[in-house]
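start07.tsv, holding TSV, C-alpha atoms:
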chain	number	residue	atom	x	y	z
A	8	MET	CA	-23.73	70.34	96.00
A	9	ALA	CA	-24.22	66.60	95.50
A	10	GLY	CA	-27.26	64.63	96.61
A	11	GLY	CA	-28.62	67.60	98.52
A	12	GLY	CA	-25.67	67.70	100.91
A	13	PRO	CA	-22.67	70.00	101.17
A	14	ASP	CA	-19.69	69.48	98.92
A	15	LEU	CA	-16.89	68.40	101.31
A	16	SER	CA	-14.18	68.02	98.66
A	17	PRO	CA	-11.17	70.32	99.15
A	18	PRO	CA	-11.41	73.67	97.36
A	19	SER	CA	-8.85	74.61	94.76
A	20	ILE	CA	-7.96	78.00	96.26
A	21	SER	CA	-8.13	79.44	99.78
A	22	ALA	CA	-8.05	83.12	100.70
A	23	VAL	CA	-6.91	84.01	104.23
A	24	VAL	CA	-7.73	87.44	105.69
A	25	PRO	CA	-6.86	88.52	109.27
A	26	ILE	CA	-9.42	90.93	110.71
A	27	HIS	CA	-8.96	93.35	113.61
A	28	ASN	CA	-11.53	96.12	114.06
A	29	GLU	CA	-12.41	96.42	110.37
A	30	GLU	CA	-16.20	96.77	110.56
A	31	GLY	CA	-16.14	99.63	108.07
A	32	ASN	CA	-14.27	97.55	105.48
A	33	ILE	CA	-15.78	94.08	105.79
A	34	PRO	CA	-18.88	94.42	103.55
A	35	GLU	CA	-16.95	95.97	100.64
A	36	LEU	CA	-13.98	93.67	101.22
A	37	HIS	CA	-16.12	90.55	100.98
A	38	ARG	CA	-18.07	91.79	97.97
A	39	ARG	CA	-14.87	92.38	96.00
A	40	LEU	CA	-12.97	89.37	97.35
A	41	ASP	CA	-15.82	86.96	96.66
A	42	ALA	CA	-16.16	88.34	93.11
A	43	ALA	CA	-12.41	87.93	92.52
A	44	MET	CA	-12.49	84.34	93.75
A	45	ARG	CA	-15.51	83.50	91.61
A	46	ALA	CA	-13.76	85.00	88.58
A	47	LEU	CA	-11.08	82.32	88.86
A	48	GLY	CA	-13.69	79.73	87.86
A	49	ARG	CA	-12.62	77.24	90.55
A	50	THR	CA	-13.83	76.00	93.89
A	51	TYR	CA	-12.70	78.27	96.68
A	52	GLU	CA	-12.99	79.14	100.35
A	53	ILE	CA	-12.41	82.35	102.28
A	54	VAL	CA	-10.99	82.06	105.79
A	55	TYR	CA	-11.56	85.15	107.93
A	56	ILE	CA	-9.66	85.31	111.23
A	57	ASP	CA	-11.17	87.59	113.84
A	58	ASP	CA	-8.08	88.67	115.78
A	59	GLY	CA	-9.77	89.86	118.96
A	60	SER	CA	-11.85	92.64	117.41
A	61	SER	CA	-13.67	94.95	119.82
A	62	ASP	CA	-16.08	96.41	117.25
A	63	LYS	CA	-18.79	94.72	115.14
A	64	SER	CA	-16.33	92.82	112.92
A	65	LEU	CA	-17.19	89.37	114.28
A	66	PRO	CA	-21.00	89.69	113.92
A	67	LEU	CA	-20.50	90.92	110.36
A	68	LEU	CA	-18.27	87.93	109.56
A	69	LEU	CA	-20.80	85.50	111.05
A	70	ASP	CA	-23.53	87.05	108.92
A	71	LEU	CA	-21.39	86.49	105.84
A	72	ARG	CA	-20.81	82.88	106.83
A	73	ALA	CA	-24.54	82.33	107.37
A	74	ALA	CA	-25.14	83.52	103.80
A	75	GLN	CA	-22.31	81.39	102.31
A	76	PRO	CA	-21.66	78.46	104.66
A	77	ASP	CA	-19.88	76.41	101.97
A	78	GLN	CA	-17.36	79.11	101.07
A	79	ILE	CA	-16.67	80.96	104.32
A	80	VAL	CA	-14.82	79.89	107.46
A	81	VAL	CA	-14.62	82.23	110.46
A	82	LEU	CA	-11.86	81.62	112.97
A	83	GLU	CA	-12.50	83.45	116.25
A	84	LEU	CA	-9.40	84.00	118.36
A	85	TYR	CA	-9.51	84.52	122.12
A	86	ARG	CA	-7.85	87.94	121.98
A	87	ASN	CA	-5.67	90.08	119.71
A	88	TYR	CA	-2.46	88.15	118.94
A	89	GLY	CA	-1.18	90.12	115.97
A	90	GLN	CA	-1.44	89.76	112.22
A	91	PHE	CA	1.14	87.02	111.64
A	92	ARG	CA	-0.04	84.76	114.46
A	93	ALA	CA	-3.59	85.18	113.18
A	94	LEU	CA	-2.36	84.17	109.72
A	95	VAL	CA	-0.83	80.97	111.12
A	96	GLY	CA	-4.19	80.19	112.72
A	97	GLY	CA	-5.79	80.58	109.31
A	98	PHE	CA	-3.07	78.48	107.67
A	99	GLU	CA	-3.92	75.61	110.02
A	100	ARG	CA	-7.47	75.61	108.64
A	101	VAL	CA	-7.00	76.13	104.89
A	102	ARG	CA	-7.80	73.32	102.49
A	103	GLY	CA	-6.83	74.73	99.09
A	104	GLU	CA	-3.84	73.76	96.99
A	105	ILE	CA	-3.13	77.47	96.53
A	106	VAL	CA	-3.43	79.95	99.39
A	107	VAL	CA	-3.63	83.72	98.94
A	108	THR	CA	-3.40	86.31	101.71
A	109	LEU	CA	-4.37	89.97	101.82
A	110	ASP	CA	-5.13	92.75	104.28
A	111	ALA	CA	-8.67	93.70	105.20
A	112	ASP	CA	-8.24	97.44	104.64
A	113	LEU	CA	-8.58	97.12	100.82
A	114	GLN	CA	-5.19	98.68	100.21
A	115	ASN	CA	-4.46	95.34	98.55
A	116	PRO	CA	-7.09	95.16	95.76
A	117	PRO	CA	-8.66	91.66	95.68
A	118	GLU	CA	-8.93	92.03	91.90
A	119	GLU	CA	-5.15	91.39	91.70
A	120	ILE	CA	-5.50	87.82	93.03
A	121	PRO	CA	-5.92	86.15	89.58
A	122	LYS	CA	-2.65	87.76	88.48
A	123	LEU	CA	-0.75	86.19	91.38
A	124	VAL	CA	-2.37	82.77	90.94
A	125	ARG	CA	-1.60	82.74	87.22
A	126	LEU	CA	2.08	83.54	87.79
A	127	LEU	CA	2.34	80.94	90.58
A	128	GLU	CA	1.06	78.19	88.29
A	129	GLU	CA	2.59	79.19	84.97
A	130	GLY	CA	6.01	80.02	86.44
A	131	GLY	CA	6.22	77.00	88.72
A	132	TYR	CA	6.86	79.14	91.78
A	133	ASP	CA	6.23	78.25	95.41
A	134	VAL	CA	5.60	81.82	96.55
A	135	VAL	CA	4.53	84.90	94.61
A	136	ASN	CA	4.92	88.19	96.49
A	137	GLY	CA	3.05	91.35	95.61
A	138	TRP	CA	5.14	94.46	94.95
A	139	ARG	CA	3.43	97.80	95.65
A	140	ARG	CA	5.03	100.11	93.12
A	141	ASN	CA	2.87	103.20	93.67
A	142	ARG	CA	2.28	103.02	97.40
A	143	GLN	CA	-0.50	105.10	98.89
A	144	ASP	CA	1.21	105.49	102.26
A	145	SER	CA	2.96	108.25	104.15
A	146	ALA	CA	6.59	109.14	103.40
A	147	PHE	CA	7.63	107.72	106.77
A	148	ARG	CA	6.00	104.33	106.04
A	149	ARG	CA	7.66	104.19	102.60
A	150	ILE	CA	11.14	105.00	103.98
A	151	ALA	CA	10.76	102.49	106.82
A	152	SER	CA	9.57	99.85	104.34
A	153	ARG	CA	12.61	100.33	102.08
A	154	ALA	CA	14.94	99.87	105.07
A	155	ALA	CA	13.07	96.75	106.17
A	156	ASN	CA	13.21	95.29	102.65
A	157	ARG	CA	17.01	95.63	102.55
A	158	ILE	CA	17.35	94.00	105.97
A	159	ALA	CA	15.02	91.13	105.02
A	160	ALA	CA	16.92	90.51	101.77
A	161	ALA	CA	20.24	90.41	103.65
A	162	LEU	CA	18.86	87.96	106.23
A	163	THR	CA	17.12	85.53	103.86
A	164	GLY	CA	19.33	85.83	100.80
A	165	VAL	CA	16.16	86.36	98.73
A	166	ARG	CA	16.13	89.85	97.24
A	167	MET	CA	12.60	91.24	97.00
A	168	ARG	CA	11.46	94.81	96.56
A	169	ASP	CA	8.50	94.64	98.95
A	170	TYR	CA	8.51	92.32	101.95
A	171	GLY	CA	5.70	94.30	103.57
A	172	CYS	CA	2.97	93.60	101.03
A	173	MET	CA	0.36	91.17	102.36
A	174	LEU	CA	-0.99	90.32	98.91
A	175	ARG	CA	0.74	86.98	98.31
A	176	ALA	CA	0.12	83.53	96.87
A	177	TYR	CA	1.56	80.30	98.30
A	178	ARG	CA	1.55	76.65	97.41
A	179	ARG	CA	0.21	74.32	100.08
A	180	ASP	CA	3.67	72.76	100.66
A	181	VAL	CA	4.99	76.11	101.88
A	182	ILE	CA	1.92	76.60	104.08
A	183	ARG	CA	2.50	73.20	105.68
A	184	GLN	CA	6.10	74.13	106.45
A	185	ILE	CA	5.04	77.46	107.99
A	186	VAL	CA	2.51	75.68	110.21
A	187	ALA	CA	5.19	73.17	111.25
A	188	CYS	CA	7.50	75.99	112.40
A	189	HIS	CA	6.36	76.54	115.98
A	190	GLU	CA	7.93	79.96	116.38
A	191	GLN	CA	6.33	82.30	118.91
A	192	SER	CA	6.74	85.34	116.65
A	193	PRO	CA	6.58	84.14	113.04
A	194	TYR	CA	7.43	86.76	110.44
A	195	ILE	CA	5.53	85.20	107.55
A	196	PRO	CA	7.03	87.04	104.51
A	197	THR	CA	10.67	86.21	105.27
A	198	LEU	CA	9.81	82.77	106.63
A	199	ALA	CA	7.92	81.81	103.47
A	200	ASN	CA	10.69	83.03	101.15
A	201	ALA	CA	13.29	81.20	103.22
A	202	LEU	CA	11.29	77.94	102.99
A	203	ALA	CA	10.35	78.19	99.30
A	204	ARG	CA	12.49	76.67	96.57
A	205	ARG	CA	11.43	79.34	94.07
A	206	ALA	CA	10.00	82.72	95.02
A	207	THR	CA	9.28	85.75	92.89
A	208	GLU	CA	7.29	88.98	92.98
A	209	ILE	CA	4.92	90.80	90.71
A	210	GLU	CA	3.77	94.40	90.58
A	211	VAL	CA	0.34	94.95	92.11
A	212	ALA	CA	-1.89	97.96	92.60
A	213	HIS	CA	-2.09	99.76	95.92
A	214	ALA	CA	-4.95	101.93	97.14
A	215	PRO	CA	-5.62	104.24	100.07
A	216	ARG	CA	-7.23	102.67	103.10
A	217	HIS	CA	-10.96	102.21	102.48
A	218	SER	CA	-12.11	102.93	106.03
A	219	GLY	CA	-10.78	103.31	109.56
A	220	ARG	CA	-7.21	103.71	110.78
A	221	SER	CA	-4.15	101.50	110.52
A	222	ASN	CA	-3.56	99.08	113.40
A	223	TYR	CA	0.20	99.57	113.08
A	224	SER	CA	1.56	102.29	115.35
A	225	LEU	CA	5.21	103.40	115.28
A	226	TRP	CA	5.98	101.14	118.23
A	227	LYS	CA	4.35	98.13	116.55
A	228	LEU	CA	6.37	98.75	113.39
A	229	ILE	CA	9.61	98.87	115.40
A	230	HIS	CA	8.65	95.68	117.26
A	231	LEU	CA	7.86	94.01	113.94
A	232	GLN	CA	11.32	94.83	112.62
A	233	TYR	CA	12.92	93.40	115.74
A	234	ASP	CA	10.91	90.22	115.20
A	235	MET	CA	12.06	89.99	111.60
A	236	VAL	CA	15.73	90.50	112.44
A	237	THR	CA	15.95	88.23	115.48
A	238	SER	CA	13.83	85.47	113.92
A	239	PHE	CA	16.20	84.68	111.10
A	240	SER	CA	19.76	85.54	111.96
A	241	VAL	CA	22.38	86.29	114.61
A	242	LEU	CA	23.97	88.68	112.11
A	243	PRO	CA	23.27	91.77	114.29
A	244	LEU	CA	25.34	90.25	117.10
A	245	ARG	CA	28.20	89.64	114.68
A	246	TRP	CA	27.98	93.19	113.37
A	247	LEU	CA	28.06	94.52	116.92
A	248	SER	CA	31.06	92.34	117.74
A	249	VAL	CA	32.93	93.73	114.75
A	250	LEU	CA	31.87	97.27	115.68
A	251	GLY	CA	33.00	96.77	119.26
A	252	ALA	CA	36.36	95.44	118.12
A	253	ALA	CA	36.82	98.35	115.71
A	254	ILE	CA	35.99	100.90	118.41
A	255	ALA	CA	38.38	99.21	120.83
A	256	VAL	CA	41.21	99.39	118.29
A	257	LEU	CA	40.43	103.02	117.47
A	258	SER	CA	40.29	103.85	121.17
A	259	LEU	CA	43.72	102.30	121.73
A	260	LEU	CA	45.15	104.18	118.78
A	261	ALA	CA	43.58	107.42	119.96
A	262	GLY	CA	44.90	106.89	123.48
A	263	ALA	CA	48.39	106.14	122.19
A	264	GLY	CA	48.24	109.22	119.99
A	265	MET	CA	47.24	111.38	122.94
A	266	VAL	CA	50.12	110.05	125.05
A	267	VAL	CA	52.63	110.67	122.28
A	268	ALA	CA	51.16	114.16	121.65
A	269	SER	CA	51.40	115.05	125.35
A	270	LEU	CA	55.04	113.90	125.49
A	271	TYR	CA	55.93	116.24	122.66
A	272	GLY	CA	53.66	119.03	123.87
A	273	VAL	CA	51.38	118.83	120.84
A	274	GLY	CA	47.69	119.59	121.37
A	275	ALA	CA	48.15	120.24	125.05
A	276	GLY	CA	45.40	122.83	124.95
A	277	LEU	CA	42.83	120.23	123.94
A	278	GLY	CA	43.32	118.15	127.06
A	279	LEU	CA	42.91	114.42	127.52
A	280	VAL	CA	39.72	114.53	129.60
A	281	PRO	CA	37.26	115.69	126.88
A	282	ALA	CA	38.64	113.14	124.42
A	283	LEU	CA	38.40	110.34	126.98
A	284	VAL	CA	34.82	111.35	127.81
A	285	ILE	CA	33.86	111.17	124.14
A	286	VAL	CA	35.44	107.72	123.80
A	287	LEU	CA	33.74	106.57	127.02
A	288	PHE	CA	30.27	107.64	125.86
A	289	LEU	CA	30.85	105.98	122.49
A	290	LEU	CA	31.78	102.73	124.20
A	291	LEU	CA	28.77	102.96	126.52
A	292	GLY	CA	26.49	103.46	123.53
A	293	VAL	CA	27.85	100.35	121.83
A	294	ILE	CA	27.59	98.35	125.07
A	295	PHE	CA	23.94	99.28	125.63
A	296	LEU	CA	23.10	98.60	121.98
A	297	THR	CA	24.73	95.19	122.26
A	298	LEU	CA	22.90	94.44	125.50
A	299	GLY	CA	19.64	95.39	123.82
A	300	PHE	CA	20.14	92.89	121.00
A	301	VAL	CA	21.37	90.18	123.37
A	302	GLY	CA	18.32	90.80	125.57
A	303	GLU	CA	16.05	90.48	122.55
A	304	TYR	CA	17.55	87.12	121.63
A	305	VAL	CA	17.41	85.88	125.24
A	306	GLY	CA	13.79	87.01	125.45
A	307	ARG	CA	12.95	85.07	122.29
A	308	ILE	CA	14.65	81.97	123.71
A	309	TYR	CA	12.66	82.40	126.93
A	310	ASN	CA	9.39	82.60	124.99
A	311	GLU	CA	10.26	79.58	122.87
A	312	VAL	CA	11.29	77.23	125.70
A	313	ARG	CA	8.07	77.88	127.63
A	314	GLN	CA	6.15	76.41	124.67
A	315	ARG	CA	3.05	78.44	125.42
A	316	PRO	CA	0.39	78.58	122.70
A	317	ARG	CA	0.96	81.25	120.06
A	318	PHE	CA	-2.76	81.89	119.97
A	319	VAL	CA	-5.90	80.46	121.51
A	320	VAL	CA	-8.89	79.65	119.34
A	321	ARG	CA	-12.23	80.49	120.90
A	322	THR	CA	-14.47	79.09	118.17
A	323	VAL	CA	-14.12	77.82	114.60
A	324	HIS	CA	-17.25	78.50	112.59
A	325	SER	CA	-16.87	75.83	109.93
A	326	GLY	CA	-18.17	72.46	108.85
A	327	ARG	CA	-14.94	71.43	107.14
A	328	LYS	CA	-11.77	69.63	108.22
A	329	PRO	CA	-8.41	71.44	107.77
A	330	LEU	CA	-5.76	69.96	105.52
A	331	ALA	CA	-2.74	72.17	106.23
A	332	GLY	CA	-2.74	71.87	110.02
A	333	PRO	CA	-2.45	68.87	112.31
A	334	ARG	CA	-5.65	69.42	114.29
A	335	GLU	CA	-9.09	67.96	113.75
A	336	ASP	CA	-12.08	70.23	113.33
A	337	VAL	CA	-15.74	69.84	114.16
A	338	GLU	CA	-18.91	71.47	112.91
A	339	GLU	CA	-18.66	74.22	115.50
A	340	GLU	CA	-15.59	74.09	117.72
A	341	ARG	CA	-16.65	75.43	121.09
A	342	PRO	CA	-14.48	77.53	123.44
A	343	ARG	CA	-11.69	75.47	124.95
A	344	ARG	CA	-10.58	75.85	128.56
A	345	ILE	CA	-7.15	77.29	127.93
A	346	VAL	CA	-5.76	80.07	130.03
A	347	ASP	CA	-4.99	83.23	128.08
A	348	LEU	CA	-1.19	83.21	128.27
A	349	ARG	CA	0.34	86.54	127.29
A	350	ASP	CA	3.95	87.21	126.42
A	351	ASP	CA	5.98	88.55	129.33
A	352	VAL	CA	8.77	89.90	127.09
As structure tokens, the full file:
Amino acid sequence: MAGGGPDLSPPSISAVVPIHNEEGNIPELHRRLDAAMRALGRTYEIVYIDDGSSDKSLPLLLDLRAAQPDQIVVLELYRNYGQFRALVGGFERVRGEIVVTLDADLQNPPEEIPKLVRLLEEGGYDVVNGWRRNRQDSAFRRIASRAANRIAAALTGVRMRDYGCMLRAYRRDVIRQIVACHEQSPYIPTLANALARRATEIEVAHAPRHSGRSNYSLWKLIHLQYDMVTSFSVLPLRWLSVLGAAIAVLSLLAGAGMVVASLYGVGAGLGLVPALVIVLFLLLGVIFLTLGFVGEYVGRIYNEVRQRPRFVVRTVHSGRKPLAGPREDVEEERPRRIVDLRDDV
């Protein structure tokens, strides 16, 4: 505070936390997160994004902001847009030179933030990714995560052990680039590593969920993987092309072998019809798989060319101006008359 007024200078570090129906976690989350930020001994801000919560999450966040108006920004979205779109909304508002992100369920301990910030600065990195070595998740989630990590590494060329950990630290330059990428379905972990000059990871603790249930169902996890794959590469289409060509060659060889065998009376008891049916179903499977991927890419193109807003901000509870995003802010940004445009694909 200077001269009795608020300190409007940019903070050194910003924390960004997307919130969706986390009323049971918010008080403990803020207590621990605020303590971790204070322990850094620098100016800071915490940006909470209410991603269309239907419980008491938003009133709790507004109470926190009323108690700490100089440190807390609450971004209220019009509806639930998903974690990564909510993050981009927060990235547009951050003002710190270093930005850290974490989940609201306290599986990412806020006490690990100083470790990430220290490595980011001392190692000269642009992005530091958390690596959950002893994950407190189900066996299914761990297996799915390992598969996703291998796919992400193949697509970005940046080999990391844990692309799914939300506990990360970024330099502002990377945040600016993420905000400038107007993708409808941004997959932040792979996008950040692809944009960074130097990225690394560090082992962090992982805890069971503090309260409530995960917002990620099996279908959402599958959709998330589709987003990751189709956002960064056409490699699946190339793989399918190679697979289709290989099956076509094998089918021709098998057909030729069957003709030769029938001419010499070999394997007559097996019959050509069952073998042809097997080959036909195999080809149909490849065709439908290919159409699925092509449809996914076409759907993404359709969403991109419409240029509809990725998210709609209802209200920004803040007295600060953002530095990472292009938009101006006001003391209390009121609801804007924008139609809620949902994805059709």
field: For Ala255 in chain A, the nearest of the candidates A:Val267, A:Pro121, A:Leu287, A:Gly31, counting only C-alpha atoms
entry: A:Leu287
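CA of Asn141 in chain A is found 25.2 Å from CA of His27 in chain A.
Put simply, CA of Ser21 in chain A is 4.9 Å away from CA of Glu52 in chain A.
Of the residues listed (A:Val24, A:Asn115, A:Gln75, A:Ser19), A:Ser19 shows the shortest atom-to-atom separation from Gly48 in chain A; distances use all atoms listed in the file.
The spacing separating CA of Ala214 in chain A from CA of Ala46 in chain A amounts to 20.9 Å.
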Extract, using all atoms listed in the file, all DNA, RNA and protein residues at most 10 Å from Met173 in chain A, discarding same-chain residues fewer than 2 positions from it, and format them as a tab-separated table (two decimals) with C-alpha atoms, in the frame of the given file.
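Writing done, so here's around15.tsv:
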chain	number	residue	atom	x	y	z
A	24	VAL	CA	-7.73	87.44	105.69
A	107	VAL	CA	-3.63	83.72	98.94
A	108	THR	CA	-3.40	86.31	101.71
A	109	LEU	CA	-4.37	89.97	101.82
A	110	ASP	CA	-5.13	92.75	104.28
A	111	ALA	CA	-8.67	93.70	105.20
A	114	GLN	CA	-5.19	98.68	100.21
A	115	ASN	CA	-4.46	95.34	98.55
A	136	ASN	CA	4.92	88.19	96.49
A	137	GLY	CA	3.05	91.35	95.61
A	138	TRP	CA	5.14	94.46	94.95
A	139	ARG	CA	3.43	97.80	95.65
A	169	ASP	CA	8.50	94.64	98.95
A	170	TYR	CA	8.51	92.32	101.95
A	171	GLY	CA	5.70	94.30	103.57
A	175	ARG	CA	0.74	86.98	98.31
A	176	ALA	CA	0.12	83.53	96.87
A	195	ILE	CA	5.53	85.20	107.55
A	196	PRO	CA	7.03	87.04	104.51
message: Using all atoms listed in the file for the distances, tell me which of A:Ile79, A:Ile308, A:Leu289, A:Leu296 is nearest to Ala253 in chain A.
response: A:Leu289
Test item: residues at most 9 Å from range 94-97 of chain A, all atoms listed in the file, excluding those fewer than 2 positions along its chain, as a VMD selection string: chain A and resid 23 to 25 54 to 56 82 84 89 to 92 99 to 101 108 182 185 to 186 193 195 318 to 320 332
message: For a quick check of understanding, using only C-alpha atoms, which of A:Leu298, A:Val256, A:Val135, A:Ala22 has the smallest distance to Ala43 in chain A?
response: A:Ala22
Go ahead and find all residues with at least one atom no further than 9 Å from (8.0, 81.5, 100.8) in the file's coordinates, using all atoms listed in the file; report them as a compact mmCIF listing (two decimals) with C-alpha atoms, in the frame of the given file.
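Final output, saved to point.txt:
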# COMPACT_ATOMS: atom_id res chain seq x y z
CA ASP A 133 6.23 78.25 95.41
CA VAL A 134 5.60 81.82 96.55
CA VAL A 135 4.53 84.90 94.61
CA ASN A 136 4.92 88.19 96.49
CA TYR A 177 1.56 80.30 98.30
CA ARG A 178 1.55 76.65 97.41
CA VAL A 181 4.99 76.11 101.88
CA ILE A 182 1.92 76.60 104.08
CA ILE A 185 5.04 77.46 107.99
CA ILE A 195 5.53 85.20 107.55
CA PRO A 196 7.03 87.04 104.51
CA THR A 197 10.67 86.21 105.27
CA LEU A 198 9.81 82.77 106.63
CA ALA A 199 7.92 81.81 103.47
CA ASN A 200 10.69 83.03 101.15
CA ALA A 201 13.29 81.20 103.22
CA LEU A 202 11.29 77.94 102.99
CA ALA A 203 10.35 78.19 99.30
CA ARG A 204 12.49 76.67 96.57
CA ARG A 205 11.43 79.34 94.07
CA ALA A 206 10.00 82.72 95.02
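Summary of the local environment: counting only C-alpha atoms, residues at most 6 Å from Glu83 in chain A, other than itself and those fewer than 5 positions away along its chain, are Asp57, Arg321 and Thr322 of chain A.
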Store the residues of this selection in a file with C-alpha atoms, as a short mmCIF file (atom, residue, chain, number, x, y, z; two decimals), in the frame of the given file.
data_model
loop_
_atom_site.label_atom_id
_atom_site.label_comp_id
_atom_site.auth_asym_id
_atom_site.auth_seq_id
_atom_site.Cartn_x
_atom_site.Cartn_y
_atom_site.Cartn_z
CA ASP A 57 -11.17 87.59 113.84
CA ARG A 321 -12.23 80.49 120.90
CA THR A 322 -14.47 79.09 118.17
#
Need the axis-aligned box for range 94-97 of chain A with 3 Å each side, so what are the centre and edges in Å to one decimal, as lines of an AutoDock Vina configuration file?
center_x = -3.3
center_y = 82.2
center_z = 111.0
size_x = 11.0
size_y = 10.0
size_z = 9.4
task: Have a look at A:Thr297, A:Gln191, A:Ser16, A:Asn32 and name the one nearest to Asp62 in chain A; count all atoms listed in the file.
output: A:Asn32
